[in-house]
$ cat coords-v9.txt   # compact mmCIF, C-alpha atoms and all ligand atoms
# COMPACT_ATOMS: atom_id res chain seq x y z
CA MET A 691 -3.34 -23.21 -14.42
CA ALA A 692 -6.61 -21.31 -14.48
CA GLU A 693 -7.88 -19.21 -17.36
CA VAL A 694 -7.36 -15.57 -16.40
CA ILE A 695 -10.61 -13.64 -16.85
CA ASP A 696 -9.68 -10.36 -18.50
CA GLY A 697 -12.11 -7.84 -17.01
CA LYS A 698 -10.39 -4.94 -18.74
CA SER A 699 -11.09 -6.36 -22.16
CA VAL A 700 -14.71 -7.35 -21.32
CA ALA A 701 -15.27 -3.83 -19.90
CA GLU A 702 -13.89 -2.34 -23.13
CA ASP A 703 -16.35 -4.50 -25.11
CA VAL A 704 -19.23 -3.22 -22.95
CA VAL A 705 -18.18 0.42 -23.42
CA ARG A 706 -17.84 -0.12 -27.21
CA THR A 707 -21.37 -1.57 -27.33
CA VAL A 708 -22.78 1.27 -25.21
CA LYS A 709 -21.11 3.79 -27.52
CA ALA A 710 -22.63 2.12 -30.62
CA LEU A 711 -26.11 1.92 -29.05
CA THR A 712 -25.85 5.59 -28.00
CA ALA A 713 -25.13 6.51 -31.63
CA GLU A 714 -28.17 4.43 -32.70
CA LEU A 715 -30.37 6.25 -30.19
CA VAL A 716 -29.21 9.65 -31.42
CA ALA A 717 -29.69 8.53 -35.06
CA LYS A 718 -33.34 7.83 -34.15
CA GLY A 719 -33.68 11.50 -33.21
CA LYS A 720 -33.70 10.82 -29.44
CA ALA A 721 -31.68 12.70 -26.85
CA LYS A 722 -28.31 11.24 -25.87
CA PRO A 723 -28.17 9.52 -22.47
CA GLY A 724 -27.39 11.88 -19.61
CA LEU A 725 -25.41 10.88 -16.51
CA ALA A 726 -25.15 13.19 -13.50
CA VAL A 727 -22.46 12.41 -10.94
CA VAL A 728 -22.65 14.15 -7.58
CA ILE A 729 -19.68 14.27 -5.23
CA VAL A 730 -19.64 15.90 -1.80
CA GLY A 731 -16.30 16.66 -0.16
CA GLU A 732 -12.72 16.00 -1.13
CA ASP A 733 -12.07 12.32 -0.52
CA PRO A 734 -9.17 11.65 -2.96
CA ALA A 735 -10.27 8.09 -3.87
CA SER A 736 -13.82 9.33 -4.60
CA GLN A 737 -12.43 12.09 -6.81
CA VAL A 738 -10.48 9.54 -8.87
CA TYR A 739 -13.60 7.34 -9.30
CA VAL A 740 -15.79 10.31 -10.24
CA ALA A 741 -13.29 11.62 -12.80
CA SER A 742 -13.09 8.17 -14.34
CA LYS A 743 -16.90 7.84 -14.49
CA SER A 744 -17.27 11.26 -16.16
CA ARG A 745 -14.48 10.44 -18.65
CA THR A 746 -16.07 7.11 -19.64
CA ALA A 747 -19.49 8.77 -19.95
CA LYS A 748 -18.04 11.25 -22.44
CA GLU A 749 -16.31 8.42 -24.30
CA CYS A 750 -19.72 6.72 -24.67
CA GLY A 751 -21.17 9.90 -26.20
CA PHE A 752 -23.29 10.74 -23.13
CA HIS A 753 -24.30 14.12 -21.84
CA SER A 754 -22.11 14.13 -18.72
CA LEU A 755 -22.79 16.40 -15.76
CA GLN A 756 -20.80 16.70 -12.57
CA HIS A 757 -21.83 18.42 -9.33
CA THR A 758 -18.82 18.93 -7.08
CA LEU A 759 -20.05 20.16 -3.72
CA PRO A 760 -18.12 21.31 -0.64
CA ALA A 761 -17.87 18.94 2.36
CA ASP A 762 -20.13 21.18 4.45
CA THR A 763 -23.06 20.96 1.99
CA SER A 764 -26.26 20.43 3.97
CA GLU A 765 -28.49 17.39 3.55
CA GLU A 766 -31.29 19.73 2.52
CA ALA A 767 -29.19 21.33 -0.23
CA LEU A 768 -28.19 17.90 -1.54
CA LEU A 769 -31.83 16.75 -1.53
CA LYS A 770 -32.73 19.84 -3.56
CA ILE A 771 -30.06 18.98 -6.16
CA ILE A 772 -31.38 15.40 -6.38
CA ALA A 773 -34.95 16.73 -6.84
CA ASP A 774 -33.76 18.99 -9.67
CA LEU A 775 -31.91 16.12 -11.36
CA ASN A 776 -34.97 13.87 -10.96
CA ALA A 777 -37.02 16.50 -12.83
CA ASP A 778 -34.42 17.15 -15.56
CA PRO A 779 -35.36 15.25 -18.75
CA ALA A 780 -31.74 15.49 -20.00
CA VAL A 781 -30.61 13.32 -17.07
CA ASN A 782 -31.20 9.55 -17.23
CA GLY A 783 -28.84 8.43 -14.51
CA ILE A 784 -27.99 9.96 -11.13
CA LEU A 785 -25.03 8.72 -9.17
CA VAL A 786 -24.16 10.04 -5.74
CA GLN A 787 -20.60 9.05 -4.94
CA LEU A 788 -20.29 7.29 -1.57
CA PRO A 789 -19.17 7.73 1.15
CA LEU A 790 -20.97 10.97 1.98
CA PRO A 791 -19.82 13.20 4.88
CA ALA A 792 -21.11 11.94 8.25
CA HIS A 793 -23.67 14.75 8.72
CA ILE A 794 -25.59 13.54 5.64
CA ASP A 795 -27.87 10.49 5.87
CA ALA A 796 -26.72 8.48 2.83
CA GLY A 797 -29.80 6.23 2.99
CA LYS A 798 -32.13 9.21 2.78
CA ILE A 799 -30.23 10.62 -0.22
CA ILE A 800 -30.26 7.30 -2.10
CA GLN A 801 -34.00 6.82 -1.53
CA ALA A 802 -34.60 10.36 -2.86
CA ILE A 803 -33.25 9.40 -6.31
CA ALA A 804 -36.04 8.56 -8.77
CA PRO A 805 -35.94 4.73 -9.15
CA GLN A 806 -35.91 5.02 -12.96
CA LYS A 807 -32.72 7.14 -12.71
CA ASP A 808 -31.09 5.06 -9.94
CA VAL A 809 -28.31 3.63 -12.12
CA ASP A 810 -26.41 2.44 -9.02
CA GLY A 811 -29.35 0.14 -8.24
CA PHE A 812 -29.49 1.02 -4.53
CA HIS A 813 -33.08 2.34 -4.32
CA PHE A 814 -35.51 0.00 -2.51
CA ILE A 815 -37.60 -0.31 -5.70
CA ASN A 816 -34.62 -1.65 -7.64
CA VAL A 817 -33.48 -3.82 -4.74
CA GLY A 818 -37.02 -5.25 -4.59
CA LYS A 819 -37.15 -5.86 -8.33
CA LEU A 820 -33.86 -7.76 -8.24
CA GLY A 821 -35.04 -9.74 -5.20
CA THR A 822 -38.25 -10.74 -6.97
CA GLY A 823 -36.55 -11.55 -10.28
CA GLU A 824 -37.93 -8.53 -12.22
CA LEU A 825 -34.65 -8.25 -14.06
CA ASP A 826 -36.09 -6.69 -17.22
CA THR A 827 -36.81 -3.41 -15.48
CA ALA A 828 -34.47 -3.48 -12.45
CA PHE A 829 -31.28 -1.49 -12.23
CA VAL A 830 -28.77 -3.92 -10.77
CA PRO A 831 -25.77 -2.60 -8.75
CA CYS A 832 -22.82 -2.23 -11.10
CA THR A 833 -20.17 -4.38 -9.40
CA PRO A 834 -22.28 -7.56 -9.09
CA ALA A 835 -23.76 -6.95 -12.56
CA GLY A 836 -20.22 -6.75 -13.95
CA SER A 837 -19.14 -9.84 -12.01
CA MET A 838 -22.09 -11.73 -13.47
CA LEU A 839 -21.05 -10.79 -17.00
CA LEU A 840 -17.58 -12.18 -16.31
CA ILE A 841 -19.09 -15.42 -14.97
CA GLU A 842 -21.27 -15.71 -18.09
CA ARG A 843 -18.21 -15.28 -20.33
CA VAL A 844 -16.74 -18.41 -18.75
CA ARG A 845 -19.81 -20.50 -17.93
CA GLY A 846 -22.53 -19.23 -20.31
CA LYS A 847 -25.85 -17.66 -19.27
CA ASP A 848 -27.52 -20.74 -17.80
CA LEU A 849 -25.82 -21.69 -14.58
CA SER A 850 -28.45 -24.29 -13.65
CA GLY A 851 -27.59 -26.41 -10.68
CA LEU A 852 -24.13 -25.00 -10.07
CA ASN A 853 -23.19 -24.39 -6.45
CA ALA A 854 -22.32 -20.75 -5.86
CA VAL A 855 -20.82 -19.41 -2.66
CA VAL A 856 -20.75 -15.64 -2.17
CA VAL A 857 -18.48 -14.53 0.67
CA GLY A 858 -19.79 -11.15 1.91
CA ARG A 859 -23.35 -9.93 2.47
CA SER A 860 -23.18 -6.20 1.79
CA ASN A 861 -26.09 -4.47 0.08
CA ILE A 862 -23.71 -3.19 -2.61
CA VAL A 863 -22.03 -6.45 -3.59
CA GLY A 864 -22.77 -9.66 -1.68
CA LYS A 865 -26.59 -9.66 -1.54
CA PRO A 866 -27.24 -8.48 -5.12
CA MET A 867 -24.59 -10.92 -6.36
CA ALA A 868 -26.38 -13.78 -4.60
CA ASN A 869 -29.72 -12.71 -6.13
CA LEU A 870 -28.23 -12.62 -9.63
CA LEU A 871 -26.77 -16.10 -9.21
CA LEU A 872 -30.10 -17.35 -7.87
CA ALA A 873 -31.90 -15.84 -10.89
CA ALA A 874 -29.45 -17.80 -13.08
CA ASN A 875 -30.52 -21.03 -11.32
CA CYS A 876 -27.48 -21.55 -9.10
CA THR A 877 -27.81 -23.06 -5.66
CA VAL A 878 -26.53 -20.12 -3.64
CA THR A 879 -24.98 -19.86 -0.19
CA ILE A 880 -24.08 -16.48 1.30
CA ALA A 881 -21.21 -16.54 3.78
CA HIS A 882 -20.19 -13.77 6.18
CA SER A 883 -18.11 -13.11 9.28
CA ARG A 884 -20.23 -15.49 11.42
CA THR A 885 -20.10 -18.40 8.97
CA LYS A 886 -18.69 -21.59 10.45
CA ASP A 887 -15.93 -23.49 8.62
CA LEU A 888 -15.76 -21.17 5.63
CA PRO A 889 -12.91 -23.16 3.99
CA ALA A 890 -15.12 -26.29 3.81
CA LEU A 891 -18.07 -24.29 2.48
CA ALA A 892 -15.91 -22.53 -0.12
CA ARG A 893 -14.68 -25.94 -1.35
CA THR A 894 -18.26 -26.82 -2.38
CA ALA A 895 -18.40 -23.86 -4.78
CA ASP A 896 -18.43 -24.23 -8.55
CA ILE A 897 -18.59 -20.44 -8.55
CA LEU A 898 -16.84 -18.67 -5.68
CA VAL A 899 -17.30 -14.91 -5.29
CA ALA A 900 -15.18 -13.08 -2.73
CA ALA A 901 -16.45 -9.67 -1.58
CA VAL A 902 -14.96 -9.33 1.87
CA GLY A 903 -12.32 -6.59 1.95
CA ARG A 904 -9.63 -8.76 3.59
CA PRO A 905 -6.37 -9.12 1.66
CA GLU A 906 -5.79 -12.65 0.29
CA MET A 907 -8.06 -14.24 2.90
CA ILE A 908 -9.28 -17.00 0.60
CA LYS A 909 -6.53 -19.56 0.24
CA GLY A 910 -5.76 -21.88 -2.65
CA ASP A 911 -6.89 -25.00 -0.80
CA TRP A 912 -10.35 -23.43 -0.24
CA VAL A 913 -10.93 -23.54 -4.00
CA LYS A 914 -12.61 -26.53 -5.61
CA PRO A 915 -10.59 -27.76 -8.60
CA GLY A 916 -12.02 -26.22 -11.77
CA ALA A 917 -14.10 -23.58 -9.96
CA THR A 918 -14.75 -20.10 -11.36
CA VAL A 919 -13.32 -17.60 -8.87
CA ILE A 920 -14.48 -13.97 -8.92
CA ASP A 921 -12.44 -11.71 -6.68
CA VAL A 922 -14.29 -8.45 -5.98
CA GLY A 923 -11.92 -7.34 -3.22
CA ILE A 924 -9.64 -4.36 -3.68
CA ASN A 925 -7.09 -4.06 -0.87
CA ARG A 926 -3.97 -1.93 -0.73
CA ILE A 927 -1.09 -3.57 1.12
CA PRO A 928 2.51 -2.47 1.78
CA ALA A 929 4.99 -3.55 -0.90
CA PRO A 930 8.48 -2.92 0.52
CA GLU A 931 9.92 -4.92 -2.39
CA LYS A 932 8.90 -1.99 -4.66
CA GLY A 933 10.67 0.52 -2.43
CA GLU A 934 10.13 2.25 0.87
CA GLY A 935 6.56 3.39 1.49
CA LYS A 936 5.28 1.69 -1.70
CA SER A 937 2.09 -0.34 -1.87
CA ARG A 938 0.22 -2.66 -4.22
CA LEU A 939 -3.32 -3.85 -4.78
CA VAL A 940 -4.44 -7.37 -3.95
CA GLY A 941 -7.83 -9.03 -3.88
CA ASP A 942 -9.57 -11.10 -1.22
CA VAL A 943 -8.20 -14.26 -2.83
CA ALA A 944 -4.59 -15.50 -2.56
CA TYR A 945 -4.29 -15.31 -6.34
CA ALA A 946 -1.20 -17.41 -7.10
CA GLU A 947 -2.36 -20.43 -5.03
CA ALA A 948 -6.00 -20.13 -6.11
CA ALA A 949 -5.02 -19.94 -9.80
CA ARG A 950 -3.44 -23.39 -9.47
CA GLN A 951 -6.80 -24.86 -8.41
CA ALA A 952 -9.40 -22.77 -10.25
CA GLY A 953 -10.71 -23.30 -13.78
CA ALA A 954 -10.94 -19.54 -14.26
CA ILE A 955 -10.10 -16.60 -12.02
CA THR A 956 -10.23 -12.79 -12.08
CA PRO A 957 -6.98 -10.95 -11.33
CA VAL A 958 -6.74 -7.87 -9.10
CA PRO A 959 -6.35 -5.35 -10.59
CA GLY A 960 -7.84 -5.93 -14.05
CA GLY A 961 -10.71 -8.25 -13.16
CA VAL A 962 -13.95 -7.03 -11.61
CA GLY A 963 -12.68 -3.44 -11.07
CA PRO A 964 -12.98 -2.20 -14.67
CA MET A 965 -16.44 -3.78 -14.99
CA THR A 966 -18.05 -1.47 -12.43
CA ILE A 967 -17.77 1.72 -14.49
CA ALA A 968 -18.68 -0.13 -17.70
CA MET A 969 -21.92 -1.40 -16.11
CA LEU A 970 -22.73 2.10 -14.89
CA MET A 971 -22.65 3.17 -18.54
CA ALA A 972 -24.81 0.19 -19.52
CA ASN A 973 -27.38 1.07 -16.83
CA THR A 974 -27.48 4.73 -17.93
CA LEU A 975 -27.97 3.66 -21.55
CA ALA A 976 -30.80 1.32 -20.48
CA SER A 977 -32.45 4.17 -18.59
CA ALA A 978 -32.23 6.42 -21.68
CA TYR A 979 -33.77 3.71 -23.91
CA LEU A 980 -36.63 3.20 -21.44
CA ALA A 981 -37.17 6.99 -21.14
CA ALA A 982 -37.36 7.18 -24.94
CA GLY A 983 -40.08 4.49 -24.95
CA LEU A 984 -37.74 1.92 -26.51
CA LYS A 985 -36.96 -1.65 -25.46
CA ARG A 986 -34.02 -1.86 -23.10
CA PRO A 987 -30.90 -3.22 -24.88
CA THR A 988 -29.63 -6.56 -23.49
P1 LIG B 1 -18.40 -4.58 3.28
O1 LIG B 1 -17.36 -4.22 4.29
O2 LIG B 1 -19.64 -3.78 3.21
O3 LIG B 1 -18.80 -6.12 3.49
C1 LIG B 1 -17.84 -7.09 3.73
C2 LIG B 1 -18.51 -8.40 3.98
O4 LIG B 1 -17.50 -9.37 4.25
C3 LIG B 1 -19.46 -8.41 5.18
O5 LIG B 1 -20.66 -9.06 4.85
C4 LIG B 1 -18.69 -9.18 6.25
O6 LIG B 1 -19.51 -9.97 7.10
C5 LIG B 1 -17.84 -10.11 5.41
N1 LIG B 1 -16.65 -10.53 6.13
C6 LIG B 1 -15.78 -9.76 6.82
N2 LIG B 1 -14.83 -10.52 7.38
C7 LIG B 1 -15.11 -11.80 7.06
C8 LIG B 1 -14.52 -13.05 7.37
N3 LIG B 1 -13.42 -13.12 8.11
N4 LIG B 1 -15.09 -14.17 6.88
C9 LIG B 1 -16.20 -14.10 6.12
N5 LIG B 1 -16.82 -12.95 5.80
C10 LIG B 1 -16.29 -11.82 6.28
O7 LIG B 1 -17.62 -4.57 1.87
P2 LIG B 1 -18.17 -4.42 0.37
O8 LIG B 1 -19.13 -5.50 0.04
O9 LIG B 1 -18.55 -3.01 0.12
O10 LIG B 1 -16.80 -4.65 -0.42
C11 LIG B 1 -16.09 -5.87 -0.34
C12 LIG B 1 -14.79 -5.74 -1.09
O11 LIG B 1 -15.07 -5.43 -2.45
C13 LIG B 1 -13.88 -4.61 -0.61
O12 LIG B 1 -12.53 -5.01 -0.77
C14 LIG B 1 -14.16 -3.48 -1.57
O13 LIG B 1 -13.05 -2.59 -1.72
C15 LIG B 1 -14.40 -4.24 -2.84
N6 LIG B 1 -15.26 -3.54 -3.80
C16 LIG B 1 -14.83 -3.52 -5.09
C17 LIG B 1 -15.59 -2.91 -6.05
C18 LIG B 1 -15.10 -2.94 -7.46
O14 LIG B 1 -15.44 -2.08 -8.24
N7 LIG B 1 -14.34 -3.97 -7.84
C19 LIG B 1 -16.82 -2.20 -5.72
C20 LIG B 1 -17.26 -2.38 -4.36
C21 LIG B 1 -16.47 -3.01 -3.43
P3 LIG B 1 -20.54 -9.32 8.18
O15 LIG B 1 -21.71 -8.88 7.36
O16 LIG B 1 -20.86 -10.46 9.07
O17 LIG B 1 -19.82 -8.19 8.83
$ encode --input "coords-v9.txt" --output "structure tokens"
Amino acid sequence: MAEVIDGKSVAEDVVRTVKALTAELVAKGKAKPGLAVVIVGEDPASQVYVASKSRTAKECGFHSLQHTLPADTSEEALLKIIADLNADPAVNGILVQLPLPAHIDAGKIIQAIAPQKDVDGFHFINVGKLGTGELDTAFVPCTPAGSMLLIERVRGKDLSGLNAVVVGRSNIVGKPMANLLLAANCTVTIAHSRTKDLPALARTADILVAAVGRPEMIKGDWVKPGATVIDVGINRIPAPEKGEGKSRLVGDVAYAEAARQAGAITPVPGGVGPMTIAMLMANTLASAYLAAGLKRPT
């Protein structure tokens, strides 16, 4: 059976380190890192994520700010808030919770965030830095950055020559994940909905990352024996066995079958999920160190 990669415990390690490095920064007489989270509208899932981000920021010793705006906030008003946060020296990281209401152009809002405060790593400058291997100054999107840390825990930092297959090509997960694996010297293939014979391709992977959004799509016999399997997917499915109307979370990988083949595998929940918020804290800390003229912690 595969080693189960405990994302919760790795995320707790990251948060502990961020907390300690925040205390060091403050001991040097510098301002504590500031994270501003902006949420527009009342999407319940977004509210849960935002509350969790603000809570973890406080736990790290950050200055934590939250802008909760009504669903009918205009694009112009939101751009003004972003401009103010860009100019505020107490703010090192700006996160605009997605999705935004349909009348707001999310792309325009993201590109309005100052690249040095773009702790989500979605600004073109940061996307470009990751794509060109400028990892020392790039902000990397939190979910792939967290997935990479989990891979390194199992495989070490140098992944030279390993075959990696990333299933999914979104700008938030699949593409940055592929760039990180490439920077670590993997031979990378990105698969998507038009890929032919995905099972055969997946079987070539020493590292298989699933970021699709389809419950348990990746079957056990798609997994190469000994492979490291990172399941980014979070899917809610009905669970009548738990009672009427109940549901449960599953990943994009059929966990029980895949765990019989894999060398190591992330569970859902408790794998990649907890890493996302932890890496947001790490990015905000890095931004604060850079703003203070200090070397970015690794
Ligand atoms: P997107 O919907 O943006 O992208 C999904 C990708 O999967 C697309 O590239 C799509 O291909 C591909 N795909 C869809 N169907 C198939 C198929 N049958 N075979 C192969 N590829 C397919 O999703 P995200 O990248 O945003 O998220 C992916 C999953 O990760 C979701 O479950 C999401 O909830 C989860 N997630 C988890 C996070 C966490 O914190 N753990 C954070 C972010 C996301 P095409 O481009 O051709 O359409």
$ closest_residue --input "coords-v9.txt" --among "A:Ile784, A:Asp762, A:Gly751, A:Glu714" --to "Ser977 of chain A" --atoms "only C-alpha atoms"
A:Ile784
$ closest_residue --input "coords-v9.txt" --among "A:Val857, A:Ala954, A:Ile695, A:Leu849" --to "Cys876 of chain A" --atoms "only C-alpha atoms"
A:Leu849
$ residues_near_ligand --input "coords-v9.txt" --ligand "ligand LIG 1 (chain B)" --cutoff "6 Å" --atoms "all atoms listed in the file" --output "list in words"
Thr833, Val857, Gly858, Arg859, Ser860, Ile862, Val863, Gly864, His882, Ser883, Arg884, Ala901, Val902, Gly903, Val922, Gly923, Ile924, Asn925, Val962, Gly963 and Thr966 of chain A
$ residues_around --input "coords-v9.txt" --residues "segment 736-738 of chain A" --least-positions-apart "2" --cutoff "10 Å" --atoms "only C-alpha atoms" --output "PyMOL selection string"
chain A and resi 729-734+740-743+758+787-790
$ residues_around --input "coords-v9.txt" --residues "His753 of chain A" --least-positions-apart "6" --cutoff "9 Å" --atoms "only C-alpha atoms" --output "PDB file with C-alpha atoms, keeping the file's coordinate frame"
ATOM      1  CA  LYS A 722     -28.310  11.240 -25.870  1.00  0.00           C
ATOM      2  CA  PRO A 723     -28.170   9.520 -22.470  1.00  0.00           C
ATOM      3  CA  GLY A 724     -27.390  11.880 -19.610  1.00  0.00           C
ATOM      4  CA  LEU A 725     -25.410  10.880 -16.510  1.00  0.00           C
ATOM      5  CA  ALA A 726     -25.150  13.190 -13.500  1.00  0.00           C
ATOM      6  CA  ALA A 747     -19.490   8.770 -19.950  1.00  0.00           C
ATOM      7  CA  ALA A 780     -31.740  15.490 -20.000  1.00  0.00           C
ATOM      8  CA  VAL A 781     -30.610  13.320 -17.070  1.00  0.00           C
TER       9      VAL A 781
END
$ residues_around --input "coords-v9.txt" --residues "Ser837 of chain A" --least-positions-apart "3" --cutoff "12 Å" --atoms "all atoms listed in the file" --output "PyMOL selection string"
chain A and resi 695-697+700-701+830-834+840-844+856+863-864+866-868+870-871+897-901+918-923+955-956+961-969
$ atom_distance --input "coords-v9.txt" --atom1 "atom CA of Ala952 of chain A" --atom2 "atom CA of Ala692 of chain A"
5.3 Å
$ atom_distance --input "coords-v9.txt" --atom1 "atom CA of Ala804 of chain A" --atom2 "atom CA of Asn776 of chain A"
5.8 Å
$ residues_near_point --input "coords-v9.txt" --point "(-30.9, -2.0, -12.3)" --cutoff "6 Å" --atoms "all atoms listed in the file" --output "CSV table (one decimal) with C-alpha atoms, in the frame of the given file"
chain,number,residue,atom,x,y,z
A,811,GLY,CA,-29.4,0.1,-8.2
A,816,ASN,CA,-34.6,-1.6,-7.6
A,828,ALA,CA,-34.5,-3.5,-12.4
A,829,PHE,CA,-31.3,-1.5,-12.2
A,830,VAL,CA,-28.8,-3.9,-10.8
$ atom_distance --input "coords-v9.txt" --atom1 "atom CA of Trp912 of chain A" --atom2 "atom CA of Leu820 of chain A"
29.4 Å
$ residues_around --input "coords-v9.txt" --residues "Glu947 of chain A" --least-positions-apart "5" --cutoff "9 Å" --atoms "all atoms listed in the file" --output "short mmCIF file (atom, residue, chain, number, x, y, z; two decimals) with C-alpha atoms, in the coordinates of the input"
data_model
loop_
_atom_site.label_atom_id
_atom_site.label_comp_id
_atom_site.auth_asym_id
_atom_site.auth_seq_id
_atom_site.Cartn_x
_atom_site.Cartn_y
_atom_site.Cartn_z
CA LYS A 909 -6.53 -19.56 0.24
CA GLY A 910 -5.76 -21.88 -2.65
CA ASP A 911 -6.89 -25.00 -0.80
#
